[in-house]
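Shown next, in structure tokens, is the structure this report addresses.
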Amino acid sequence: MATIHVDGRDYEVDGADNLLHACLSLGLDIPYFCWHPAMGSVGACRQCAVKQYKNADDTQGMLVMSCMAPVQDDAYISIEDEEAKAFRANVIEWLMINHPHDCPVCEEGGHCHLQDMTVMTGHDSRRYRFRKRTHRNQDLGPFIGHEMNRCITCYRCVRFYQDYAGGGDLGAFGAHDNVYFGRFQEGTLESPFSGNLTEVCPTGVFTDQTHSEHYTRKWDLQFAPSVCHQCAVGCNISPGERYGDIRRIENRYHGEVNHYFLCDRGRFGYGYVNREDRPRVPEWRERQRVGTEPGETGVVAGTISLEIDDALDRAADGLRNARRVIGIGSPRASLESNHMLRTLVGNANFSTGIAARELELLVRMNELNTRCGLPSPSLREIENCDAVFVLGEDLINSAARMALAIRQAVNAKGEALAAERGIPSWNAEAVKTLAQEAHHPFFLATPDATELDELAEQTYNAAPDDIARLGFAVAHYIDSEAPCPEALDDATTVLASRIAEALMMAQRPLVVSGGSLGTPAVLEAAGNVARALARRTRPGALSLVRREANSTGLSLLGGQSLDWALECLTSGEADGVVILENDLYARADAGQIDAALQRADCIVTLDHQRTATWDKADIGLPASSFAESDGTLVSLEGRAQRFYQVFEPSYIRPETRIRESWRWLNALKASVERQVVTPLTLDEVTRDMAMTYPALAPAGDAGLSAAYRVHGLRLAREPHRYSGRTAMRANLDVSEPRAPQDPDTPFAFSMEGYAGYAEPRREVAFAWAPGWNSPQAWNKFQDEVGGHLRAGDPGVRLLGPLPGDYDYARTLPARFAAHDDQWLAVPQARLFGGDETSSRAEPIQARMAETRFTVSRAAAERLRMSPGATLTLNLGARQLTLPVEISDAWPDGVIGVPDQSGLPLVAPEWAHLEPQEVRA
């Protein structure tokens with residue numbers, strides 16, 4: 001710690017910081033542009049000048065750039081010095097010479113760091129009256145808009161894109177006062193983190209193209225704290241709504257998880273919420289006849305739209321008449337909704353809706369996270385690891401935000417080298433120059449090449465069983481008591497020894513694996529490595545990747561597999577089924593599902609999308625998406641987090657009958673039991689859920705209760721500059737009804753309420769502070785800039801190491817051998833198009849590559865397949881025809897089948913490929 005004196009006041013600060021970081025952490029305002037909390041200092045913009053004095057008697061002082069000036073004990077600083085203020089005013093005037101006067105039409109208006117800093121500096125008039133420099137903009141794809149004329153040359157964009165995220169197709173071109181930031185030629189930005197440019201850029205050079213199509217100013221958006229539903233990482237987001245549509249998603253700062261950045265699937269995959277073909281009223285399909293009866297409001301193509309009471313009565317009648325009712329849950333639904341479904345059908349009749357082989361892996365992952373001796377790390381903890389071993393996961397595609405964290409961990413070698421030489425870690429260019437190509441040890445074992453390969457000390461591309469064998473060998477070299485695979489070749493033996501040595505030499509080693517390949521042996525191998533490290537008292541971590549937003553939570557809640565539920569229906573043991581937010585056709589063979597549903601006398605489906613399963617239902621109940629509901633998810637880290645309703649859909653569209661799934665299920669249970677519906681609040685459902693399942697008990701404290709207040713005020717969902725609701729319903733009625741009342745959360749559907757930053761709280765709907773309208777306002781909510789939220793980061797952890805001895809797995813796979821007449825079909829994760837919901841969003845669809853099988857070059861040559869050839873794969877009764885992608889890294893005898901390809905595959909299966917089905 002150090003004491004600094006700023007404008008006559010004394011402060012205690014961290015002596016390792018620079019002056020800008022220290023002053024911002026104290027809540028003092030200094031304008032800046034090129035500095036970013038996640039990327040350190042380069043001193044490029046000169047906007048953060050302050051006066052620094054030698055001692056208390058020095059009256060002259062000197063101007064220093066606060067981002068490049070280290071904190072010194074007993075330092076005297078002045079932010080308000082007239083020379084410093086004049087210098088900052090001159091700098092902003094220089095930067096604004098070529099900047100267009102387009103704030104009224106700029107998409108960043110009211111959300112712009114440049115505006116904030118211009119006002120903070122006092123620059124309000126321009127003397128430059130000559131021709132401005134202009135640039136031609138580029139088409140950068142469906143995610144990012146480009147307006148290069150607004151650039152102030154802060155270099156933040158390329159520093160993030162190249163240095164932080166590892167992208168190679170965006171750069172700086174030109175020199176002096178004619179620098180251009182873009183691609184060498186027009187084209188879609190390739191990085192899966194390109195969307196962060198919209199928040200990293202302090203101006204309007206890079207804008208959210210998906211927001212442009214239905215643009216709304218930030219102050220006219222309604223927000224709520226939420227959690228990304230597109231994978232299991234659990235990134236925090238702030239969705240913004242207007243007129244009943246989600247208009248954009250911004251990053252919501254979380255000190256332990258996503259910090260300042262999101263992946264593009266999480267940022268741009270919200271389009272399914274706005275789809276016009278969403279079910280918005282209950283629907284009934286009569287199997288034998290189509291007619292109009294009292295309570296029915298219309299008939300469309302054999303489907304009858306119903307009012308709520310009629311829909312519940314019909315559904316209840318069908319379920320009461322069934323001998324046995326099965327409930328099929330979903331890993332994309334909240335814990336509360338799954339709990340209410342289980343309450344409706346009974347514990348013995350509840351299925352998780354997850355295929356048996358995937359569910360076995362999820363249960364095993366929970367066991368490994370609690371009984372291997374190493375904790376499951378947050379992304380912040382991953383970034384602090386100094387050796388990484390990844391077994392079987394292509395992280396860019398299965399957990400992209402974790403891949404970004406691992407990139408920071410591997411690149412942190414430069415900071416370690418800098419620390420040895422007394423160079424502070426915030427001095428970004430000095431650290432980068434010193435590091436050159438130095439990295440912390442990183443080893444990657446996957447079937448195919450990945451985007452992280454460039455960082456790896458060595459990669460290992462092999463079939464799943466061979467990847468597992470490498471992991472088992474590494475565990476053996478760490479601890480000789482761990483079993484070693486038989487018949488290891490020399491190259492694998494040398495690699496295993498090298499990885500083991502690197503992990504043992506590290507201070508904080510990390511082992512990463514997961515269920516993407518669907519192979520238990522890979523998981524067990526990762527568990528053995530983790531246990532070996534724990535036995536050697538290494539303070540490491542084990543991170544296991546799950547597939548969907550609530551896969552971890554649902555496996556902790558418990559229940560039978562989807563296979564079990566389908567068998568109960570097919571065999572006639574059950575003749576009624578309630579399906580919760582789950583398209584079964586995306587999880588199992590269509591023939592198997594058809595056979596099961598045809599035997600059911602009553603099918604009730606709750607979903608917010610029209611799916612193949614919805615089309616089979618007798619009664620369809622329109623469920624809320626994440627934007628219209630509240631609930632709890634558990635991330636792959638084991639962190640239970642609350643997401644909150646952004647808007648009430650019936651306020652904008654009175655005809656809609658969309659409800660949260662847990663509300664539908666509560667009402668349906670009352671109807672089945674012929675009781676009056678007792679309305680439940682979210683707090684009551686969450687509390688009951690936490691009391692029912694011991695593993696989920698802490699989840700009851702994952703979010704704010706509805707009774708939470710700040711100075712007696714609810715929390716505002718709308719910025720205080722919100723222009724009002726009157727125009728929202730002008731097409732319906734000139735009379736403005738009362739705003740919706742929210743009994744479930746402490747948030748108000750209004751600008752009335754607390755929206756400031758002075759009172760700490762964990763759940764922040766949007767970041768705003770006086771003078772800070774841009775995403776940089778998050779600085780005001782943190783205990784120190786780039787640290788944690790002052791009230792603590794949201795969520796509670798459910799998984800952690802338990803005491804006790806954990807023995808090694810001792811069933812080791814044999815070496816993989818290719819078959820002459822069969823191929824091993826292996827599931828392949830993919831970022832764009834790999835999950836059920838975001839793949840319905842048009843911008844994501846524009847980024848989706850063509851769905852292809854992946855085969856090795858040797859196999860392609862043997863079968864005489866050229867690039868673009870198609871083949872048909874037979875998995876029993878299942879058949880799929882796709883083009884082929886030929887990979888030099890892919891193992892021979894194995895074929896990759898991408899997620900959401902139309903052939904549900906959760907684990908490796910032997911498949912047939914008939915020669916006549918190969919076509920060039």
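We name chains A, B, ... following the order of the structure tokens; residues begin at 1 in each chain, and ligands are numbered from 1 as shown.
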
Running DSSP on the backbone, which parts of range 217-356 of chain A land in helix (DSSP H, G or I), as a PyMOL selection string? chain A and resi 218-220+264-274+308-321+335-345+347-349+356

Please write the residues from the selection above to a file, keeping C-alpha atoms, as a short mmCIF file (atom, residue, chain, number, x, y, z; two decimals), in the first residue's frame.
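Saved as result_8.cif:
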data_model
loop_
_atom_site.label_atom_id
_atom_site.label_comp_id
_atom_site.auth_asym_id
_atom_site.auth_seq_id
_atom_site.Cartn_x
_atom_site.Cartn_y
_atom_site.Cartn_z
CA LYS A 218 -29.58 3.56 -24.47
CA TRP A 219 -31.70 5.81 -22.28
CA ASP A 220 -34.85 4.47 -23.95
CA ASP A 264 -20.26 -13.30 -30.13
CA ARG A 265 -22.79 -16.10 -29.67
CA GLY A 266 -23.79 -14.68 -26.31
CA ARG A 267 -23.87 -11.10 -27.52
CA PHE A 268 -25.69 -11.56 -30.84
CA GLY A 269 -27.68 -14.76 -30.35
CA TYR A 270 -30.77 -13.15 -28.82
CA GLY A 271 -32.82 -12.99 -32.05
CA TYR A 272 -34.94 -16.00 -31.15
CA VAL A 273 -36.65 -13.87 -28.49
CA ASN A 274 -37.98 -11.53 -31.19
CA ILE A 308 -55.60 -19.44 -20.48
CA ASP A 309 -58.37 -21.02 -18.38
CA ASP A 310 -59.60 -23.17 -21.24
CA ALA A 311 -56.09 -24.32 -22.04
CA LEU A 312 -55.45 -25.29 -18.42
CA ASP A 313 -58.78 -27.12 -18.21
CA ARG A 314 -58.10 -29.12 -21.36
CA ALA A 315 -54.56 -29.94 -20.28
CA ALA A 316 -55.72 -30.92 -16.80
CA ASP A 317 -58.46 -33.16 -18.20
CA GLY A 318 -55.96 -34.96 -20.38
CA LEU A 319 -53.45 -35.44 -17.57
CA ARG A 320 -56.11 -36.60 -15.09
CA ASN A 321 -57.31 -39.22 -17.55
CA LEU A 335 -34.09 -24.60 -11.84
CA GLU A 336 -37.44 -23.23 -10.68
CA SER A 337 -39.26 -24.45 -13.80
CA ASN A 338 -37.71 -27.91 -13.61
CA HIS A 339 -38.57 -28.07 -9.91
CA MET A 340 -42.21 -27.17 -10.56
CA LEU A 341 -42.45 -29.83 -13.27
CA ARG A 342 -41.03 -32.39 -10.86
CA THR A 343 -43.54 -31.26 -8.25
CA LEU A 344 -46.37 -31.68 -10.79
CA VAL A 345 -45.54 -35.24 -11.90
CA ASN A 347 -40.15 -37.54 -8.20
CA ALA A 348 -40.58 -41.02 -9.67
CA ASN A 349 -41.93 -39.63 -12.94
CA ALA A 356 -28.70 -41.17 -20.83
#

Env of range 749-756 of chain A: 8 Å cut, atoms = only C-alpha atoms, seq-sep filter 6 positions within chain, self excluded. Answer as an NGL selection string. :A and (222 or 647 or 710 or 713-722 or 739-742 or 768-769)

Of A:Asp601, A:Glu628, A:Asp618, A:Asp208, the one nearest to Ile304 in chain A when counting only C-alpha atoms is A:Asp618

Counting only C-alpha atoms, give me one row per residue of range 820-879 of chain A with an atom at most 8 Å from an atom of range 883-888 of chain A, showing the shortest contact pair and its distance in Å to one decimal, sorted by chain then residue number, as a Markdown table.
| residue | atom | partner | partner_atom | distance |
| --- | --- | --- | --- | --- |
| A:Thr851 | CA | A:Pro883 | CA | 7.5 |
| A:Arg852 | CA | A:Pro883 | CA | 5.1 |
| A:Phe853 | CA | A:Val884 | CA | 4.8 |
| A:Thr854 | CA | A:Glu885 | CA | 4.8 |
| A:Val855 | CA | A:Ile886 | CA | 5.2 |
| A:Ser856 | CA | A:Ser887 | CA | 5.1 |
| A:Arg857 | CA | A:Asp888 | CA | 5.5 |
| A:Ala860 | CA | A:Ile886 | CA | 6.9 |
| A:Pro867 | CA | A:Glu885 | CA | 6.3 |
| A:Gly868 | CA | A:Pro883 | CA | 5.6 |
| A:Ala869 | CA | A:Pro883 | CA | 5.4 |
| A:Thr870 | CA | A:Pro883 | CA | 3.9 |
| A:Leu871 | CA | A:Pro883 | CA | 6.4 |

Selection near Ala430 in chain A, 9 Å with only C-alpha atoms, sequence-local residues under 5 positions removed, as a PDB file with C-alpha atoms, in the first residue's frame:
ATOM      1  CA  VAL A  42       0.319   2.305 -23.647  1.00  0.00           C
ATOM      2  CA  ALA A 418       8.360  -8.406 -16.326  1.00  0.00           C
ATOM      3  CA  ILE A 423       8.447  -3.836 -14.874  1.00  0.00           C
ATOM      4  CA  PRO A 424       4.857  -3.297 -13.706  1.00  0.00           C
ATOM      5  CA  SER A 425       2.236  -5.541 -15.289  1.00  0.00           C
ATOM      6  CA  ALA A 435       7.482 -11.469 -23.706  1.00  0.00           C
TER       7      ALA A 435
END
